[in-house]
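Written out below as structure tokens is the structure these notes cover.
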Amino acid sequence: AQQLYHERHRPQIHFSPKQKWTNDPNGMVYHNGTWHLFFQHYPDSTIWGPMHWGHATSKDLVHWQEQPIALYPDSLGYIFSGSAVVDKNNTAGFGKNALVAIFTHHDPQGEKEKRNNFQNQSIAYSTDEGRTWTKYAGNPVLKNPGITDFRDPKVCWYEPQKKWIMTLATKDRITFYSSPDLKGWTKESEFGKELGAHGGVWECPDLFQLDDDNGKKVWVLIVSINPGGPNGGSATQYFLGDFDGSRFAPVDTNTRWIDYGPDNYAGITWSNTGNRKIFLGWMSNWLYANIVPATTWRNAMTIARELKLKRTGNEMYVASEPVAELKKIQSKPVVLHNIQVQKSFDVASKAGKITFPARLDLNFEKNSDYSIVLSNDAGEEVAIGYNKAQQQYYIDRSRSGQTNFQKDFPARHVAPRLSKAGSMDLSLILDVNSVEMFADSGLTVMTSIYFPTKPFTHIRIESPENVTIKKLTVSSLKSIW
Ligand code: FRU
């Protein structure tokens, strides 16, 4: 067997559990200098099954240490997705600064019998920095009124009214609840039945504030949807608006997407982080998550991303960029200036041999057609680029190696360019089996996974129009394992 965390296709700069299955990130909370990441986990198989909350911790958002499983299924059901908070004022009576997890209990028996109330919300607490968890004896704390999809509670403290707000995915809309103590919940309002994308069920919401460019607070409501994403299958939309402790009022009727790529789902933000908002998603898609090539583990998370509001023209968007902490594993970069791409430019010819994982940052003088091609000597490749005529970014993994395990996997995915700027910038975070593309300072983002039969070793940049890259920065990224 290959050394743990160095198996073929194993992500080197992304969190994946040592073994077996993972999907959504859960219970993300920052507490006493530690970033907690819980995750949907089935410790007995590489295929989805009875859900547990796995647990990992980090001091820097980059290196992760897996911890013992935090929550096991019980008589109320599997432990589905949810969130965690620091109860600073001891509102729940579990102790000052106790960590409280709020999650969905999914009763498989109720589902089998086609009862419509098999998903209910429950809580658990930890008073030892998340090491051990006690489920509350009065679970569930929010009973299902008869809605088949009733899950993924994200809880935040609403300071003006000194109460907790639960943002819950309820089939085709969001329902907001409030509570003084995390134990008793009152319905406040519903949102979204007539707004946003509705090609599938709504899941894994999040509600938080970001500052706009005038320092004014704007509320952001994140809602994952499956299926119905812009490139098929699972994806994450969001709304901008105002929240008054009871209702969410959107600024407009636009549907915006956190990430247009096929492989960023169920992402939410860490709680208790002050003004910083750090997001991380599950780097897969329900179209094929259970059948992607795997050996001892299956699926991983995206890198942590910092969210900021950015304006372009008259529109405002949530932009994502890799967290600054990623610099910790970045080698001293090779910086190249004014590169003329005449048809094709081999990056190694000027930057030296490329070792993956790697980070590339590019600045193009003007709006141009280009393609950045990752390849190996088996003739497999992934192309990441921009199509000027269509004003679209793309990632093409149709010839990326093993692709035929699912019919939608080998594809070229596209995303609109939202920026109105003349010049273009692009950052690529390249792991052994994924690319995360941040274009125009994170206004258009795409994440895509792939399974080459041999590791990619080369990067070339192609352009039909003699494009000038004003600046190209290449760094290798050190494995976190
Ligand atoms: C989203 C999701 C959640 C659910 C969890 C179950 O990927 O379907 O809605 O809580 O996964 O594992």
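Residue numbers start at 1 in each chain; chains themselves are named A, B, ... in the order of the structure tokens; ligands are numbered from 1 in the order shown.
Around ligand 1, using only C-alpha atoms and all ligand atoms and a cut-off of 8 Å, the residues in contact are Asn23, Asp24, Gln40, His41, Trp48, Met51, Ile79, Phe80, Ser81, Gly82, Thr104, Arg151, Asp152, Ala169, Trp202, Glu203, Cys204, Ser224, Asn226, Tyr265, Ala266 and Trp286 of chain A.
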Mind dumping the selected residues with N, CA and C atoms as a PDB file, in the first residue's frame?
ATOM      1  N   ASN A  23     -18.657  14.065   2.549  1.00  0.00           N
ATOM      2  CA  ASN A  23     -19.289  15.116   1.739  1.00  0.00           C
ATOM      3  C   ASN A  23     -19.240  16.435   2.490  1.00  0.00           C
ATOM      4  N   ASP A  24     -20.334  17.109   2.732  1.00  0.00           N
ATOM      5  CA  ASP A  24     -20.330  18.511   3.176  1.00  0.00           C
ATOM      6  C   ASP A  24     -19.416  18.830   4.361  1.00  0.00           C
ATOM      7  N   GLN A  40     -19.351  15.713   6.927  1.00  0.00           N
ATOM      8  CA  GLN A  40     -20.186  14.540   6.713  1.00  0.00           C
ATOM      9  C   GLN A  40     -19.249  13.374   6.411  1.00  0.00           C
ATOM     10  N   HIS A  41     -19.425  12.282   7.137  1.00  0.00           N
ATOM     11  CA  HIS A  41     -18.434  11.210   7.077  1.00  0.00           C
ATOM     12  C   HIS A  41     -19.132   9.867   7.277  1.00  0.00           C
ATOM     13  N   TRP A  48     -21.487   6.925   0.221  1.00  0.00           N
ATOM     14  CA  TRP A  48     -22.362   7.582   1.214  1.00  0.00           C
ATOM     15  C   TRP A  48     -23.175   6.551   1.983  1.00  0.00           C
ATOM     16  N   MET A  51     -24.616   8.789   8.221  1.00  0.00           N
ATOM     17  CA  MET A  51     -23.715   9.930   8.379  1.00  0.00           C
ATOM     18  C   MET A  51     -23.304  10.176   9.825  1.00  0.00           C
ATOM     19  N   ILE A  79     -26.484  11.711  11.431  1.00  0.00           N
ATOM     20  CA  ILE A  79     -26.143  13.101  11.746  1.00  0.00           C
ATOM     21  C   ILE A  79     -25.876  13.831  10.424  1.00  0.00           C
ATOM     22  N   PHE A  80     -26.847  14.575   9.957  1.00  0.00           N
ATOM     23  CA  PHE A  80     -26.713  15.316   8.703  1.00  0.00           C
ATOM     24  C   PHE A  80     -26.050  16.676   8.955  1.00  0.00           C
ATOM     25  N   SER A  81     -25.997  17.482   7.905  1.00  0.00           N
ATOM     26  CA  SER A  81     -25.224  18.730   7.959  1.00  0.00           C
ATOM     27  C   SER A  81     -25.790  19.751   8.945  1.00  0.00           C
ATOM     28  N   GLY A  82     -24.903  20.634   9.380  1.00  0.00           N
ATOM     29  CA  GLY A  82     -25.284  21.691  10.306  1.00  0.00           C
ATOM     30  C   GLY A  82     -24.092  22.558  10.650  1.00  0.00           C
ATOM     31  N   THR A 104     -28.924  18.308  11.701  1.00  0.00           N
ATOM     32  CA  THR A 104     -30.155  17.604  11.349  1.00  0.00           C
ATOM     33  C   THR A 104     -30.031  16.135  11.733  1.00  0.00           C
ATOM     34  N   ARG A 151     -33.717  20.685   6.580  1.00  0.00           N
ATOM     35  CA  ARG A 151     -32.373  20.337   7.087  1.00  0.00           C
ATOM     36  C   ARG A 151     -31.310  21.433   6.946  1.00  0.00           C
ATOM     37  N   ASP A 152     -30.134  21.081   7.457  1.00  0.00           N
ATOM     38  CA  ASP A 152     -28.885  21.840   7.324  1.00  0.00           C
ATOM     39  C   ASP A 152     -28.927  23.194   8.033  1.00  0.00           C
ATOM     40  N   ALA A 169     -32.788  25.028   5.379  1.00  0.00           N
ATOM     41  CA  ALA A 169     -33.230  24.694   4.023  1.00  0.00           C
ATOM     42  C   ALA A 169     -34.501  23.852   4.132  1.00  0.00           C
ATOM     43  N   TRP A 202     -33.261  22.794  -2.232  1.00  0.00           N
ATOM     44  CA  TRP A 202     -32.356  23.755  -1.571  1.00  0.00           C
ATOM     45  C   TRP A 202     -31.732  23.075  -0.362  1.00  0.00           C
ATOM     46  N   GLU A 203     -30.414  23.325  -0.180  1.00  0.00           N
ATOM     47  CA  GLU A 203     -29.671  22.685   0.905  1.00  0.00           C
ATOM     48  C   GLU A 203     -28.623  23.646   1.457  1.00  0.00           C
ATOM     49  N   CYS A 204     -28.117  23.322   2.628  1.00  0.00           N
ATOM     50  CA  CYS A 204     -26.922  23.955   3.202  1.00  0.00           C
ATOM     51  C   CYS A 204     -26.850  25.478   3.061  1.00  0.00           C
ATOM     52  N   SER A 224     -27.216  26.354  -1.310  1.00  0.00           N
ATOM     53  CA  SER A 224     -26.794  25.334  -2.268  1.00  0.00           C
ATOM     54  C   SER A 224     -28.026  24.694  -2.901  1.00  0.00           C
ATOM     55  N   ASN A 226     -29.307  21.324  -5.512  1.00  0.00           N
ATOM     56  CA  ASN A 226     -28.938  20.073  -6.187  1.00  0.00           C
ATOM     57  C   ASN A 226     -30.174  19.313  -6.662  1.00  0.00           C
ATOM     58  N   TYR A 265     -19.498  22.442  -3.626  1.00  0.00           N
ATOM     59  CA  TYR A 265     -20.880  22.318  -3.163  1.00  0.00           C
ATOM     60  C   TYR A 265     -20.966  22.398  -1.643  1.00  0.00           C
ATOM     61  N   ALA A 266     -22.149  22.852  -1.172  1.00  0.00           N
ATOM     62  CA  ALA A 266     -22.499  22.823   0.251  1.00  0.00           C
ATOM     63  C   ALA A 266     -21.542  23.642   1.104  1.00  0.00           C
ATOM     64  N   TRP A 286     -22.883  15.873  -6.651  1.00  0.00           N
ATOM     65  CA  TRP A 286     -23.675  14.660  -6.447  1.00  0.00           C
ATOM     66  C   TRP A 286     -23.896  13.865  -7.730  1.00  0.00           C
TER      67      TRP A 286
END
Contacts of region 233-248 of chain A within 9 Å, only C-alpha atoms, excl. fewer than 3 positions in-chain, as a PyMOL selection string: chain A and resi 158+160-161+163+165+176-178+187-191+196-197+200+204-205+217-230+251-267+284-287+316-318
task: Fewer than 4 positions away in the same chain doesn't count, so skip those; otherwise give me all residues within 8 Å of Arg10 (chain A), counting only C-alpha atoms, as a list in words.
output: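 Returned residues: Tyr5, His6, Val432 and Asn433 of chain A.
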Option closest in space to Asn120 (chain A), from A:Asp149, A:Asp44, A:Val100, A:Gly95 [counting only C-alpha atoms]: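 Checking each of A:Asp149, A:Asp44, A:Val100, A:Gly95 against Asn120 (chain A), counting only C-alpha atoms, the winner is A:Asp149.
Among the candidates A:Thr473, A:Thr91, A:Thr296, A:Thr269, the one nearest to Arg359 (chain A) when counting only C-alpha atoms is A:Thr473.
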message: DSSP on the backbone, strand (DSSP E) only: what residues of region 69-174 of chain A does that give? Format it as a ChimeraX atom specification.
response: /A:69-71,78-87,98-106,119-126,134-135,151-158,163-170,173-174
query: So how many Å separate CA of Lys310 (chain A) and CA of Asp440 (chain A), to one decimal?
result: 10.4 Å
message: Taking only C-alpha atoms into account, name the residue in A:Lys154, A:Lys88, A:His337, A:Arg399 that is nearest to Pro25 (chain A).
response: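 Closest residue, counting only C-alpha atoms: A:Lys154.
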statement: Expressed in Å, the length from CA of Pro452 (chain A) to CA of Glu380 (chain A) is 6.6 Å
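With distances restricted to only C-alpha atoms, A:Ser375 is the closest residue to Val347 (chain A) from A:Ser375, A:Ser271, A:Asn116, A:Gln3.
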query: Can you list, as a PyMOL selection string, every protein, DNA or RNA residue that comes within 10 Å of Val341 (chain A) when you count only C-alpha atoms, leaving out same-chain residues fewer than 3 positions away?
result: chain A and resi 338+344-346+370+460-469
Those residues with N, CA, C and O atoms, as a PDB file, in the first residue's frame please?
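So out.pdb came out as:
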ATOM      1  N   ASN A 338       6.160  40.574 -18.988  1.00  0.00           N
ATOM      2  CA  ASN A 338       5.980  40.823 -20.420  1.00  0.00           C
ATOM      3  C   ASN A 338       6.301  39.631 -21.309  1.00  0.00           C
ATOM      4  O   ASN A 338       7.202  39.680 -22.148  1.00  0.00           O
ATOM      5  N   SER A 344       2.003  29.314 -28.716  1.00  0.00           N
ATOM      6  CA  SER A 344       2.116  28.459 -27.544  1.00  0.00           C
ATOM      7  C   SER A 344       3.381  28.777 -26.761  1.00  0.00           C
ATOM      8  O   SER A 344       4.463  28.933 -27.339  1.00  0.00           O
ATOM      9  N   PHE A 345       3.253  28.863 -25.462  1.00  0.00           N
ATOM     10  CA  PHE A 345       4.387  29.177 -24.592  1.00  0.00           C
ATOM     11  C   PHE A 345       4.481  28.104 -23.505  1.00  0.00           C
ATOM     12  O   PHE A 345       3.530  27.876 -22.757  1.00  0.00           O
ATOM     13  N   ASP A 346       5.631  27.424 -23.453  1.00  0.00           N
ATOM     14  CA  ASP A 346       5.852  26.387 -22.440  1.00  0.00           C
ATOM     15  C   ASP A 346       6.358  27.079 -21.169  1.00  0.00           C
ATOM     16  O   ASP A 346       7.445  27.652 -21.170  1.00  0.00           O
ATOM     17  N   TYR A 370      -7.258  33.104 -24.388  1.00  0.00           N
ATOM     18  CA  TYR A 370      -6.081  32.325 -24.008  1.00  0.00           C
ATOM     19  C   TYR A 370      -6.527  31.007 -23.416  1.00  0.00           C
ATOM     20  O   TYR A 370      -7.692  30.840 -23.039  1.00  0.00           O
ATOM     21  N   ARG A 460       1.366  24.702 -20.518  1.00  0.00           N
ATOM     22  CA  ARG A 460       1.648  25.619 -21.634  1.00  0.00           C
ATOM     23  C   ARG A 460       0.503  26.614 -21.747  1.00  0.00           C
ATOM     24  O   ARG A 460      -0.623  26.337 -21.315  1.00  0.00           O
ATOM     25  N   ILE A 461       0.813  27.768 -22.274  1.00  0.00           N
ATOM     26  CA  ILE A 461      -0.213  28.787 -22.459  1.00  0.00           C
ATOM     27  C   ILE A 461      -0.345  29.015 -23.959  1.00  0.00           C
ATOM     28  O   ILE A 461       0.653  29.228 -24.657  1.00  0.00           O
ATOM     29  N   GLU A 462      -1.573  28.928 -24.441  1.00  0.00           N
ATOM     30  CA  GLU A 462      -1.812  29.091 -25.874  1.00  0.00           C
ATOM     31  C   GLU A 462      -2.683  30.310 -26.106  1.00  0.00           C
ATOM     32  O   GLU A 462      -3.541  30.634 -25.279  1.00  0.00           O
ATOM     33  N   SER A 463      -2.439  30.962 -27.238  1.00  0.00           N
ATOM     34  CA  SER A 463      -3.329  32.056 -27.622  1.00  0.00           C
ATOM     35  C   SER A 463      -3.249  32.250 -29.122  1.00  0.00           C
ATOM     36  O   SER A 463      -2.156  32.204 -29.689  1.00  0.00           O
ATOM     37  N   PRO A 464      -4.372  32.473 -29.794  1.00  0.00           N
ATOM     38  CA  PRO A 464      -4.350  32.694 -31.244  1.00  0.00           C
ATOM     39  C   PRO A 464      -3.968  34.129 -31.591  1.00  0.00           C
ATOM     40  O   PRO A 464      -3.855  34.467 -32.755  1.00  0.00           O
ATOM     41  N   GLU A 465      -3.774  34.993 -30.597  1.00  0.00           N
ATOM     42  CA  GLU A 465      -3.677  36.420 -30.946  1.00  0.00           C
ATOM     43  C   GLU A 465      -2.458  37.144 -30.366  1.00  0.00           C
ATOM     44  O   GLU A 465      -2.546  38.339 -30.059  1.00  0.00           O
ATOM     45  N   ASN A 466      -1.311  36.482 -30.216  1.00  0.00           N
ATOM     46  CA  ASN A 466      -0.116  37.163 -29.713  1.00  0.00           C
ATOM     47  C   ASN A 466      -0.357  37.968 -28.455  1.00  0.00           C
ATOM     48  O   ASN A 466      -0.035  39.144 -28.374  1.00  0.00           O
ATOM     49  N   VAL A 467      -0.911  37.339 -27.473  1.00  0.00           N
ATOM     50  CA  VAL A 467      -1.260  38.049 -26.254  1.00  0.00           C
ATOM     51  C   VAL A 467       0.004  38.314 -25.411  1.00  0.00           C
ATOM     52  O   VAL A 467       0.970  37.558 -25.466  1.00  0.00           O
ATOM     53  N   THR A 468      -0.008  39.425 -24.662  1.00  0.00           N
ATOM     54  CA  THR A 468       1.087  39.731 -23.739  1.00  0.00           C
ATOM     55  C   THR A 468       0.638  39.454 -22.309  1.00  0.00           C
ATOM     56  O   THR A 468      -0.377  39.996 -21.856  1.00  0.00           O
ATOM     57  N   ILE A 469       1.404  38.614 -21.637  1.00  0.00           N
ATOM     58  CA  ILE A 469       1.158  38.428 -20.205  1.00  0.00           C
ATOM     59  C   ILE A 469       2.073  39.422 -19.500  1.00  0.00           C
ATOM     60  O   ILE A 469       3.296  39.320 -19.577  1.00  0.00           O
TER      61      ILE A 469
END
From A:Lys216, A:Gly352, A:Lys183, A:Asp87, residue lying nearest Trp157 (chain A) [only C-alpha atoms]: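 Result for the nearest residue to Trp157 (chain A): A:Asp87.
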message: Would you compute the distance between CA of Tyr72 (chain A) and CA of Trp53 (chain A)? Give it in Å to one decimal.
response: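 Computing the Euclidean distance for CA of Tyr72 (chain A) and CA of Trp53 (chain A) yields 6.8 Å.
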